[in-house]
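What follows is the content of structure-v9.txt (compact mmCIF, C-alpha atoms and all ligand atoms).
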# COMPACT_ATOMS: atom_id res chain seq x y z
CA MET M 1 0.00 0.00 0.00
CA ILE M 2 1.50 3.33 -1.11
CA PRO M 3 1.00 6.15 1.42
CA THR M 4 -0.34 9.44 0.08
CA VAL M 5 1.76 12.60 -0.16
CA ALA M 6 -0.59 14.91 1.72
CA ARG M 7 -3.71 14.87 3.85
CA ILE M 8 -6.32 17.37 4.95
CA THR M 9 -5.91 17.93 8.69
CA GLY M 10 -8.42 20.73 9.29
CA THR M 11 -11.30 22.51 7.57
CA GLY M 12 -13.17 25.77 8.14
CA ARG M 13 -15.67 28.17 6.60
CA GLY M 14 -16.29 31.90 6.75
CA LEU M 15 -19.69 33.22 5.73
CA PRO M 16 -21.26 36.67 5.75
CA SER M 17 -24.13 36.96 8.21
CA ARG M 18 -26.73 38.46 5.85
CA ILE M 19 -29.11 35.96 4.26
CA PHE M 20 -30.69 37.14 0.99
CA THR M 21 -33.65 34.97 -0.05
CA ASN M 22 -35.23 34.62 -3.48
CA ASP M 23 -38.16 36.71 -2.25
CA ASP M 24 -35.75 39.55 -1.37
CA PHE M 25 -35.07 40.23 -5.09
CA ALA M 26 -38.43 42.01 -5.28
CA SER M 27 -37.10 44.63 -2.82
CA ILE M 28 -34.36 45.61 -5.32
CA GLY M 29 -36.68 45.71 -8.33
CA ILE M 30 -35.72 42.35 -9.89
CA GLU M 31 -38.64 40.61 -11.54
CA THR M 32 -38.27 36.98 -10.57
CA SER M 33 -39.81 34.44 -8.23
CA ASP M 34 -38.80 31.79 -5.74
CA GLU M 35 -40.58 29.27 -7.95
CA TRP M 36 -38.56 30.20 -11.10
CA ILE M 37 -35.22 30.16 -9.30
CA MET M 38 -35.93 26.97 -7.31
CA GLU M 39 -37.17 25.06 -10.36
CA ARG M 40 -34.13 25.88 -12.51
CA THR M 41 -31.35 26.00 -9.93
CA GLY M 42 -32.45 24.66 -6.54
CA ILE M 43 -31.24 27.90 -4.93
CA HIS M 44 -33.46 29.30 -2.18
CA GLU M 45 -31.12 31.80 -0.53
CA ARG M 46 -27.52 32.98 -0.49
CA ARG M 47 -25.22 35.01 1.79
CA ILE M 48 -24.35 38.55 0.75
CA ALA M 49 -21.29 40.22 2.29
CA SER M 50 -21.31 43.68 3.83
CA ASP M 51 -18.62 46.29 3.05
CA THR M 52 -16.50 45.05 5.98
CA GLU M 53 -16.95 41.37 5.10
CA THR M 54 -14.24 41.45 2.44
CA THR M 55 -12.82 38.49 0.54
CA CYS M 56 -9.85 38.59 2.93
CA TRP M 57 -12.13 38.72 6.00
CA MET M 58 -14.10 35.67 4.84
CA ALA M 59 -10.85 33.85 3.99
CA ALA M 60 -9.34 34.67 7.40
CA THR M 61 -12.45 33.44 9.23
CA ALA M 62 -12.35 30.13 7.34
CA SER M 63 -8.57 29.81 7.72
CA ARG M 64 -8.52 30.40 11.49
CA GLN M 65 -11.09 27.65 11.96
CA ALA M 66 -9.18 25.24 9.68
CA MET M 67 -5.90 25.97 11.51
CA ALA M 68 -7.51 25.50 14.94
CA ARG M 69 -8.97 22.15 13.87
CA ALA M 70 -5.61 21.05 12.41
CA GLY M 71 -3.80 22.19 15.57
CA VAL M 72 -1.51 24.35 13.43
CA THR M 73 -0.36 27.88 14.31
CA ALA M 74 0.06 30.68 11.74
CA GLY M 75 3.84 30.42 12.07
CA GLU M 76 3.74 26.81 10.87
CA ILE M 77 2.09 27.63 7.51
CA ASP M 78 4.61 27.37 4.64
CA ALA M 79 2.29 28.47 1.82
CA ILE M 80 -1.06 30.20 1.46
CA ILE M 81 -2.83 29.43 -1.81
CA LEU M 82 -5.99 31.49 -2.21
CA SER M 83 -8.38 30.83 -5.04
CA THR M 84 -10.55 33.81 -5.92
CA ALA M 85 -12.20 35.51 -8.87
CA THR M 86 -12.99 38.45 -6.60
CA PRO M 87 -9.72 39.71 -5.09
CA ASP M 88 -10.16 42.67 -2.73
CA ARG M 89 -7.66 44.64 -4.84
CA LEU M 90 -6.09 43.90 -8.20
CA LEU M 91 -2.60 44.32 -6.76
CA PRO M 92 -1.25 42.77 -4.58
CA ALA M 93 -2.81 39.32 -4.28
CA THR M 94 -5.48 38.84 -1.62
CA ALA M 95 -3.38 35.89 -0.37
CA VAL M 96 -0.77 38.33 0.97
CA ASP M 97 -3.47 40.35 2.74
CA LEU M 98 -4.51 37.04 4.31
CA GLN M 99 -0.87 36.27 5.18
CA ALA M 100 -0.63 39.59 7.02
CA GLU M 101 -4.02 39.17 8.69
CA LEU M 102 -3.09 35.72 10.02
CA GLY M 103 0.50 36.68 10.91
CA ALA M 104 1.80 33.73 8.88
CA THR M 105 5.34 35.11 8.90
CA ARG M 106 7.03 32.10 7.24
CA ALA M 107 4.50 31.67 4.43
CA ALA M 108 4.67 32.21 0.69
CA ALA M 109 1.32 33.55 -0.51
CA PHE M 110 -0.30 33.76 -3.92
CA ASP M 111 -3.72 33.83 -5.58
CA ILE M 112 -5.01 31.32 -8.09
CA SER M 113 -7.46 32.42 -10.78
CA ALA M 114 -9.33 29.42 -12.14
CA ALA M 115 -12.89 30.45 -11.21
CA CYS M 116 -15.12 27.78 -9.69
CA SER M 117 -12.50 25.03 -10.15
CA GLY M 118 -9.85 27.17 -8.48
CA TRP M 119 -9.90 25.58 -5.04
CA LEU M 120 -9.30 22.12 -6.53
CA TYR M 121 -6.51 23.62 -8.67
CA GLY M 122 -5.06 25.07 -5.45
CA LEU M 123 -5.29 21.74 -3.64
CA THR M 124 -3.44 20.07 -6.53
CA VAL M 125 -0.71 22.74 -6.57
CA ALA M 126 -0.29 22.45 -2.79
CA GLU M 127 0.01 18.67 -3.01
CA GLY M 128 2.69 19.10 -5.70
CA MET M 129 4.63 21.57 -3.53
CA ILE M 130 4.55 19.09 -0.65
CA ALA M 131 5.63 16.25 -2.98
CA SER M 132 8.58 18.30 -4.25
CA GLY M 133 9.81 18.84 -0.71
CA ALA M 134 9.37 22.63 -0.95
CA ILE M 135 6.80 22.80 1.86
CA ASP M 136 5.19 20.69 4.58
CA THR M 137 2.05 22.65 5.45
CA ALA M 138 -0.27 24.66 3.21
CA LEU M 139 -3.41 26.63 3.72
CA VAL M 140 -5.67 26.19 0.68
CA VAL M 141 -8.52 28.68 0.61
CA GLY M 142 -11.42 29.49 -1.71
CA ALA M 143 -12.90 32.93 -1.01
CA GLU M 144 -15.39 34.81 -3.14
CA LYS M 145 -17.36 38.03 -2.92
CA MET M 146 -19.41 37.32 -6.05
CA SER M 147 -21.90 40.04 -5.09
CA ALA M 148 -19.20 42.59 -6.04
CA ILE M 149 -18.89 41.44 -9.68
CA ILE M 150 -22.37 40.29 -10.67
CA ASP M 151 -24.78 42.58 -12.50
CA TRP M 152 -27.56 43.26 -10.02
CA LYS M 153 -29.73 44.43 -12.96
CA ASP M 154 -29.39 41.13 -14.89
CA ARG M 155 -31.90 38.67 -13.45
CA SER M 156 -30.48 35.75 -15.44
CA THR M 157 -27.18 35.88 -13.49
CA CYS M 158 -27.68 37.82 -10.23
CA VAL M 159 -29.96 35.17 -8.75
CA LEU M 160 -27.30 32.46 -9.09
CA PHE M 161 -24.37 33.58 -6.97
CA GLY M 162 -23.46 34.11 -3.32
CA ASP M 163 -20.53 35.06 -1.08
CA GLY M 164 -18.41 32.91 1.24
CA SER M 165 -15.16 31.15 1.94
CA GLY M 166 -13.89 27.67 2.78
CA ALA M 167 -10.37 26.60 3.76
CA VAL M 168 -8.34 23.51 4.54
CA VAL M 169 -4.94 22.86 6.05
CA LEU M 170 -3.05 20.36 3.86
CA GLN M 171 -0.03 18.67 5.45
CA ARG M 172 2.63 16.15 4.53
CA ASN M 173 1.28 12.69 5.34
CA LYS M 174 3.70 11.31 7.88
CA SER M 175 1.36 8.55 9.07
CA GLY M 176 2.34 5.93 6.49
CA GLU M 177 -1.40 5.33 5.99
CA ARG M 178 -3.20 5.57 2.66
CA ALA M 179 -5.18 8.60 3.88
CA GLY M 180 -5.18 11.93 2.08
CA ILE M 181 -5.26 12.88 -1.58
CA LEU M 182 -5.73 9.74 -3.69
CA SER M 183 -6.05 11.43 -7.08
CA THR M 184 -6.42 14.79 -8.80
CA PHE M 185 -7.33 15.95 -12.29
CA MET M 186 -7.34 19.39 -13.95
CA ARG M 187 -8.32 20.57 -17.44
CA SER M 188 -9.19 23.78 -19.30
CA ASP M 189 -10.58 25.12 -22.59
CA GLY M 190 -9.97 28.83 -23.16
CA CYS M 191 -11.72 28.74 -26.54
CA LEU M 192 -14.96 28.90 -24.59
CA ALA M 193 -13.98 31.86 -22.42
CA ASN M 194 -16.69 34.18 -23.75
CA LEU M 195 -19.51 31.99 -22.49
CA LEU M 196 -18.85 33.10 -18.90
CA TYR M 197 -16.67 36.15 -18.36
CA ARG M 198 -16.22 39.80 -17.51
CA PRO M 199 -15.57 41.40 -20.92
CA ASP M 200 -13.96 44.68 -19.86
CA GLY M 201 -12.13 46.45 -17.06
CA GLY M 202 -8.93 44.37 -17.21
CA ALA M 203 -5.58 45.34 -18.71
CA ALA M 204 -6.79 44.88 -22.31
CA HIS M 205 -9.68 47.28 -21.80
CA PRO M 206 -8.97 49.35 -18.69
CA MET M 207 -11.93 50.91 -16.95
CA THR M 208 -13.64 53.85 -18.67
CA ALA M 209 -16.86 55.76 -18.04
CA GLU M 210 -18.31 53.92 -21.07
CA ILE M 211 -17.51 50.50 -19.62
CA LEU M 212 -19.15 51.49 -16.35
CA GLU M 213 -22.18 52.82 -18.19
CA ASN M 214 -22.51 49.65 -20.32
CA ARG M 215 -21.85 47.40 -17.30
CA THR M 216 -19.42 45.26 -19.33
CA HIS M 217 -17.06 44.99 -16.35
CA LEU M 218 -19.62 42.67 -14.71
CA VAL M 219 -20.23 38.93 -15.19
CA LYS M 220 -21.89 37.92 -18.47
CA MET M 221 -23.05 34.36 -19.02
CA ALA M 222 -24.65 32.29 -21.78
CA GLY M 223 -26.60 30.15 -19.28
CA ARG M 224 -27.78 27.34 -21.55
CA GLU M 225 -24.36 26.80 -23.17
CA VAL M 226 -22.63 26.86 -19.79
CA PHE M 227 -25.13 24.34 -18.48
CA LYS M 228 -24.34 21.83 -21.26
CA HIS M 229 -20.59 22.13 -20.81
CA ALA M 230 -20.83 21.95 -17.02
CA VAL M 231 -22.63 18.59 -17.21
CA ARG M 232 -20.21 17.20 -19.80
CA GLU M 233 -16.97 18.35 -18.18
CA MET M 234 -17.98 17.53 -14.59
CA SER M 235 -18.84 14.03 -15.77
CA GLU M 236 -15.40 13.70 -17.40
CA ALA M 237 -13.73 14.99 -14.22
CA ALA M 238 -15.55 12.40 -12.12
CA ASP M 239 -14.48 9.57 -14.47
CA ARG M 240 -10.85 10.70 -14.49
CA ALA M 241 -10.63 11.03 -10.71
CA LEU M 242 -11.98 7.50 -10.26
CA ASP M 243 -9.66 6.07 -12.95
CA SER M 244 -6.50 7.56 -11.54
CA ALA M 245 -7.38 6.58 -7.96
CA LYS M 246 -8.20 3.07 -9.28
CA LEU M 247 -11.58 3.22 -7.57
CA ARG M 248 -15.16 2.48 -8.62
CA ALA M 249 -18.24 4.59 -7.93
CA ALA M 250 -19.21 2.11 -5.20
CA ASP M 251 -16.00 2.99 -3.31
CA ILE M 252 -17.08 6.64 -2.93
CA ASP M 253 -18.79 7.45 0.38
CA LEU M 254 -19.72 10.99 -0.63
CA LEU M 255 -19.65 13.12 -3.78
CA ILE M 256 -19.22 16.87 -3.24
CA PRO M 257 -19.88 18.55 -6.58
CA HIS M 258 -19.38 22.26 -7.18
CA GLN M 259 -22.60 23.86 -5.97
CA ALA M 260 -23.87 25.78 -9.01
CA ASN M 261 -27.21 24.22 -9.72
CA THR M 262 -29.07 21.09 -8.56
CA ARG M 263 -29.82 20.01 -12.14
CA ILE M 264 -26.09 20.02 -13.00
CA ILE M 265 -25.37 18.18 -9.73
CA GLU M 266 -28.00 15.51 -10.45
CA ALA M 267 -26.73 14.97 -14.00
CA THR M 268 -23.13 14.62 -12.76
CA ALA M 269 -24.13 12.12 -10.06
CA LYS M 270 -26.17 10.09 -12.56
CA HIS M 271 -23.26 9.93 -14.99
CA ALA M 272 -20.88 8.88 -12.20
CA ASN M 273 -23.39 6.23 -11.10
CA ILE M 274 -23.60 7.68 -7.60
CA SER M 275 -27.05 7.84 -5.99
CA MET M 276 -28.26 11.21 -4.73
CA ASP M 277 -28.22 10.01 -1.11
CA LYS M 278 -24.42 9.98 -1.46
CA VAL M 279 -24.28 13.52 -2.89
CA TYR M 280 -23.97 16.61 -0.70
CA VAL M 281 -26.07 19.61 -1.71
CA ASN M 282 -26.09 23.00 0.00
CA VAL M 283 -26.67 25.20 -3.07
CA ASP M 284 -30.18 25.83 -1.69
CA ARG M 285 -28.63 27.80 1.21
CA PHE M 286 -25.56 29.42 -0.37
CA GLY M 287 -26.10 29.67 -4.13
CA ASN M 288 -23.00 29.43 -6.31
CA THR M 289 -20.03 30.66 -4.24
CA SER M 290 -17.60 29.81 -7.06
CA SER M 291 -14.31 28.40 -5.72
CA ALA M 292 -15.54 28.57 -2.12
CA SER M 293 -18.36 26.10 -2.74
CA ILE M 294 -16.48 22.80 -2.35
CA PRO M 295 -14.42 23.72 0.76
CA ILE M 296 -17.55 25.17 2.45
CA ALA M 297 -19.38 21.90 1.74
CA LEU M 298 -16.42 19.80 2.90
CA ASP M 299 -16.33 21.68 6.20
CA GLU M 300 -20.08 21.18 6.68
CA VAL M 301 -20.04 17.43 6.01
CA ILE M 302 -17.15 16.89 8.43
CA GLU M 303 -18.81 19.06 11.10
CA LYS M 304 -22.12 17.22 10.65
CA LYS M 305 -20.22 13.88 10.80
CA ILE M 306 -21.71 12.85 7.43
CA VAL M 307 -18.13 11.73 6.73
CA GLY M 308 -15.23 11.08 9.08
CA PRO M 309 -11.83 9.39 9.31
CA GLY M 310 -11.55 6.68 6.65
CA SER M 311 -14.34 8.10 4.43
CA THR M 312 -13.60 8.46 0.72
CA VAL M 313 -14.83 11.75 -0.76
CA MET M 314 -14.89 12.74 -4.43
CA MET M 315 -14.96 16.45 -5.31
CA VAL M 316 -15.75 17.71 -8.82
CA ALA M 317 -15.86 21.28 -10.15
CA PHE M 318 -16.43 23.28 -13.31
CA GLY M 319 -16.17 27.01 -13.94
CA ALA M 320 -15.34 30.01 -16.12
CA GLY M 321 -12.42 29.52 -18.47
CA PHE M 322 -13.66 26.93 -18.90
CA THR M 323 -11.79 25.04 -16.23
CA TRP M 324 -12.74 21.73 -14.66
CA ALA M 325 -11.12 19.61 -12.00
CA SER M 326 -11.60 16.79 -9.52
CA ALA M 327 -9.97 15.16 -6.54
CA ILE M 328 -10.57 12.09 -4.42
CA VAL M 329 -9.49 12.24 -0.79
CA ARG M 330 -9.59 9.70 2.03
CA LEU M 331 -10.17 11.56 5.28
N1 LIG O 401 -36.54 35.03 -13.12
C1 LIG O 401 -37.53 34.87 -13.99
N2 LIG O 401 -37.33 34.71 -15.33
C2 LIG O 401 -36.05 34.72 -15.75
C3 LIG O 401 -34.95 34.87 -14.87
C4 LIG O 401 -35.26 35.03 -13.51
N3 LIG O 401 -34.28 35.17 -12.57
N4 LIG O 401 -33.83 34.81 -15.59
C5 LIG O 401 -34.17 34.62 -16.87
N5 LIG O 401 -35.53 34.58 -16.98
C6 LIG O 401 -36.33 34.39 -18.16
C7 LIG O 401 -35.62 34.81 -19.44
O1 LIG O 401 -35.77 36.20 -19.63
C8 LIG O 401 -36.32 33.98 -20.48
O2 LIG O 401 -37.53 34.60 -20.81
P1 LIG O 401 -38.05 34.64 -22.33
O3 LIG O 401 -38.25 33.19 -22.72
O4 LIG O 401 -39.32 35.42 -22.23
O5 LIG O 401 -36.98 35.31 -23.12
C9 LIG O 401 -36.67 32.69 -19.75
O6 LIG O 401 -36.57 32.99 -18.35
C10 LIG O 401 -35.77 31.54 -20.10
O7 LIG O 401 -34.43 31.98 -20.00
P2 LIG O 401 -33.23 30.98 -20.21
O8 LIG O 401 -31.96 31.71 -19.96
O9 LIG O 401 -33.38 30.27 -21.51
O10 LIG O 401 -33.51 29.97 -19.00
P3 LIG O 401 -32.87 28.59 -18.69
O11 LIG O 401 -33.94 27.58 -18.59
O12 LIG O 401 -31.69 28.27 -19.55
O13 LIG O 401 -32.32 28.84 -17.20
C11 LIG O 401 -30.25 29.26 -16.05
C12 LIG O 401 -31.34 29.82 -16.98
C13 LIG O 401 -29.20 30.34 -15.89
C14 LIG O 401 -30.88 28.93 -14.70
C15 LIG O 401 -29.66 27.97 -16.68
O14 LIG O 401 -29.29 28.21 -18.02
C16 LIG O 401 -28.48 27.49 -15.92
O15 LIG O 401 -28.61 27.00 -14.81
N6 LIG O 401 -27.25 27.57 -16.51
C17 LIG O 401 -26.03 27.20 -15.85
C18 LIG O 401 -25.56 28.38 -15.06
C19 LIG O 401 -24.46 28.04 -14.11
O16 LIG O 401 -24.63 27.21 -13.25
N7 LIG O 401 -23.33 28.73 -14.26
C20 LIG O 401 -22.21 28.61 -13.39
C21 LIG O 401 -21.37 27.48 -13.77
S1 LIG O 401 -19.98 27.44 -12.75
Could you render the structure from this file as structure tokens?
Amino acid sequence: MIPTVARITGTGRGLPSRIFTNDDFASIGIETSDEWIMERTGIHERRIASDTETTCWMAATASRQAMARAGVTAGEIDAIILSTATPDRLLPATAVDLQAELGATRAAAFDISAACSGWLYGLTVAEGMIASGAIDTALVVGAEKMSAIIDWKDRSTCVLFGDGSGAVVLQRNKSGERAGILSTFMRSDGCLANLLYRPDGGAAHPMTAEILENRTHLVKMAGREVFKHAVREMSEAADRALDSAKLRAADIDLLIPHQANTRIIEATAKHANISMDKVYVNVDRFGNTSSASIPIALDEVIEKKIVGPGSTVMMVAFGAGFTWASAIVRL
């Protein structure tokens, strides 16, 4: 039996306190209904951050809990890898704000931009850094303030997203046991970038009054096209994770898919041959929190003791880029 390189030793989540329900959209002049949103997405409510609940604040809240559960102090963190599509500032990385906030004085810190798959990308990068011998202990965080980049006048996108953060401590596996990361998989297709993106406001088209007026600095999405690709690529990611871990669907105790939409989740589970009673869903309470969705869910299922030591968990994500990724971990 080959021991794994790295294992998750602590998890945490950081969520804004304000709950925004589907019925609350009426109060901001959006013509929609709980029935429409629930039927198409399964989302009932989401968290919306206040001005002081920044991406860094949510990340720090999640990270402190993960570190406490892992029994690791800030000084023991070698690397902070923060996945976000919503950095607090464009320079420097939000990961270094988090480094300062935590007082992680020995840590390297950098952001990863791979949208909803970003936390799984980060987990894979952290595992590789541990395997290379460069580090022993990493903090891998997904933190998103999606409310800051969605178009609150576009009812086809603003109802889908929410704010939040999830974090794990990933450490070198010194136990000799086959517990930890069993397999990972990452893929991308930039030819499809324009199906889910923010057209303007970056270095190619720096912010102008016209961009602000036309709202092209905010998220635009071709919902139906994205839906089709999400189902296809998440299914591929599930297959590849199982293949490289040399496992079958029956070996998986719990599937944690990216929480974008219950219909995408159900289609992914069906393809992977995993029954819905082995699939964790919290999109009804948090909406799509992009790269925070899987680590938030992982923290919840461990806290609720739905899984525990020895459980095998498969995580699958898909997002803007497109990017898609998966990982299987034994807790
Ligand atoms: N409330 C009520 N009606 C709405 C609405 C809302 N919030 N948003 C859109 N509509 C209307 C549209 O205006 C359209 O009306 P029309 O037929 O009169 O023009 C109608 O609903 C159908 O719109 P359409 O976009 O075709 O709906 P859909 O069935 O494809 O559902 C999504 C839209 C976004 C829910 C669906 O495409 C989806 O889930 N896509 C994947 C999105 C996703 O998860 N992205 C993130 C991936 S990481």
Quick one: which stretch 41-141 of chain M residues come within 10 Å of stretch 254-274 of chain M, and what is the nearest atom pair for each with the distance in Å to one decimal, counting all atoms listed in the file, rows ordered by chain and ascending number, as CSV?
residue,atom,partner,partner_atom,distance
M:Thr41,CA,M:Asn261,CA,4.5
M:Gly42,CA,M:Thr262,CA,5.3
M:Ile43,CA,M:Asn261,CA,7.3
M:Cys116,CA,M:His258,CA,7.4
M:Ser117,CA,M:His258,CA,8.0
List as number ranges by chain the residues having at least one atom at most 8 Å from position (-24.9, 19.9, -0.9) as given in the file, counting only C-alpha atoms.
M: 256-257, 259, 279-284, 297
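Residue nearest M:Ala138, chosen from M:Arg7, M:His205, M:Arg89, M:Arg46 and counting only C-alpha atoms: M:Arg7.
The neighbours of M:Glu35 here are the residues that come within 9 Å of it, using all atoms listed in the file and leaving out any residue fewer than 4 positions away in the same chain; they are Asn22, Glu39 and Arg40 of chain M.
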At a cut-off of 6 Å, can you tabulate as JSON lines every residue of chain M near ligand LIG 401 (chain O) together with its closest atom pair and the distance in Å to one decimal, using all atoms listed in the file and ordering rows by chain then number?
{"residue": "M:Thr32", "atom": "CA", "partner": "O:LIG401", "partner_atom": "N1", "distance": 3.6}
{"residue": "M:Ser33", "atom": "CA", "partner": "O:LIG401", "partner_atom": "N1", "distance": 5.9}
{"residue": "M:Trp36", "atom": "CA", "partner": "O:LIG401", "partner_atom": "C1", "distance": 5.6}
{"residue": "M:Arg40", "atom": "CA", "partner": "O:LIG401", "partner_atom": "C14", "distance": 5.0}
{"residue": "M:Thr41", "atom": "CA", "partner": "O:LIG401", "partner_atom": "C14", "distance": 5.6}
{"residue": "M:Cys116", "atom": "CA", "partner": "O:LIG401", "partner_atom": "S1", "distance": 5.8}
{"residue": "M:Arg155", "atom": "CA", "partner": "O:LIG401", "partner_atom": "N3", "distance": 4.3}
{"residue": "M:Ser156", "atom": "CA", "partner": "O:LIG401", "partner_atom": "N4", "distance": 3.5}
{"residue": "M:Val159", "atom": "CA", "partner": "O:LIG401", "partner_atom": "N3", "distance": 5.8}
{"residue": "M:Gly223", "atom": "CA", "partner": "O:LIG401", "partner_atom": "O14", "distance": 3.5}
{"residue": "M:Arg224", "atom": "CA", "partner": "O:LIG401", "partner_atom": "O14", "distance": 3.9}
{"residue": "M:Val226", "atom": "CA", "partner": "O:LIG401", "partner_atom": "C17", "distance": 5.2}
{"residue": "M:Phe227", "atom": "CA", "partner": "O:LIG401", "partner_atom": "C17", "distance": 4.0}
{"residue": "M:Ala260", "atom": "CA", "partner": "O:LIG401", "partner_atom": "O16", "distance": 4.5}
{"residue": "M:Asn261", "atom": "CA", "partner": "O:LIG401", "partner_atom": "O16", "distance": 5.3}
{"residue": "M:Phe318", "atom": "CA", "partner": "O:LIG401", "partner_atom": "S1", "distance": 5.5}
{"residue": "M:Gly319", "atom": "CA", "partner": "O:LIG401", "partner_atom": "S1", "distance": 4.0}
When you look at M:Leu102 with a cut-off of 8 Å (counting all atoms listed in the file), what residues show up, excluding the ones that are within fewer than 2 positions of it in the same chain? I need them as a PyMOL selection string.
chain M and resi 60+64+74+98-100+104
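For the choices M:Ala134, M:Leu139, M:Met129, M:Ala241, the atom-to-atom distance to M:Ser83 is smallest for M:Leu139 when using only C-alpha atoms.
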Quick one: everything within 10 Å of M:Thr124, counting all atoms listed in the file, minus sequence neighbours fewer than 3 positions away in the same chain. Send it as a PyMOL selection string.
chain M and resi 118-121+127-130+140+181+183-186+325-327
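Atom CA of M:Ala292 to atom CA of M:Ser165 spans 4.8 Å [interatomic distance, one decimal].
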Around (-39.1, 35.2, 0.6), as given in the file, which residues come within 9 Å? Count all atoms listed in the file and list them as a VMD selection string.
chain M and resid 20 to 25 33 to 34 44 to 45
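Separating atom CA of M:Pro3 from atom CA of M:Ser244 is a distance of 15.0 Å.
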Write out as a count of residues only which residues come within 6 Å of M:Gly162 when counting only C-alpha atoms, dropping same-chain ones fewer than 6 positions away.
7
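Computed from the coordinates, the atom CA of M:Thr137 to atom CA of M:Ile77 distance equals 5.4 Å.
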Measuring between all atoms listed in the file, which one of M:Asp251, M:Glu177, M:Glu76, M:Asp111 shows the shortest distance to M:Thr4?
M:Glu177
M:Val329 proximity check over M:Arg178, M:Arg69, M:His229, M:His217, using all atoms listed in the file: winner is M:Arg178
Enclosing box along x, y and z for every listed atom of stretch 201-218 of chain M, padded 8 Å each side, centre and size in Å, one decimal, as lines of an AutoDock Vina configuration file:
center_x = -14.0
center_y = 49.2
center_z = -18.5
size_x = 32.9
size_y = 29.1
size_z = 23.6
Using only C-alpha atoms, which residues sit within 9 Å of M:Thr55 once same-chain residues fewer than 2 positions away are excluded, as an MDAnalysis selection string?
chainID M and resid 49 53 57:60 84 86:88 94 143:145 163:165
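Proximity to M:Glu300 was assessed for M:Leu196, M:Ala167, M:Ala148, M:Ala203 counting only C-alpha atoms; the smallest distance is recorded for M:Ala167.
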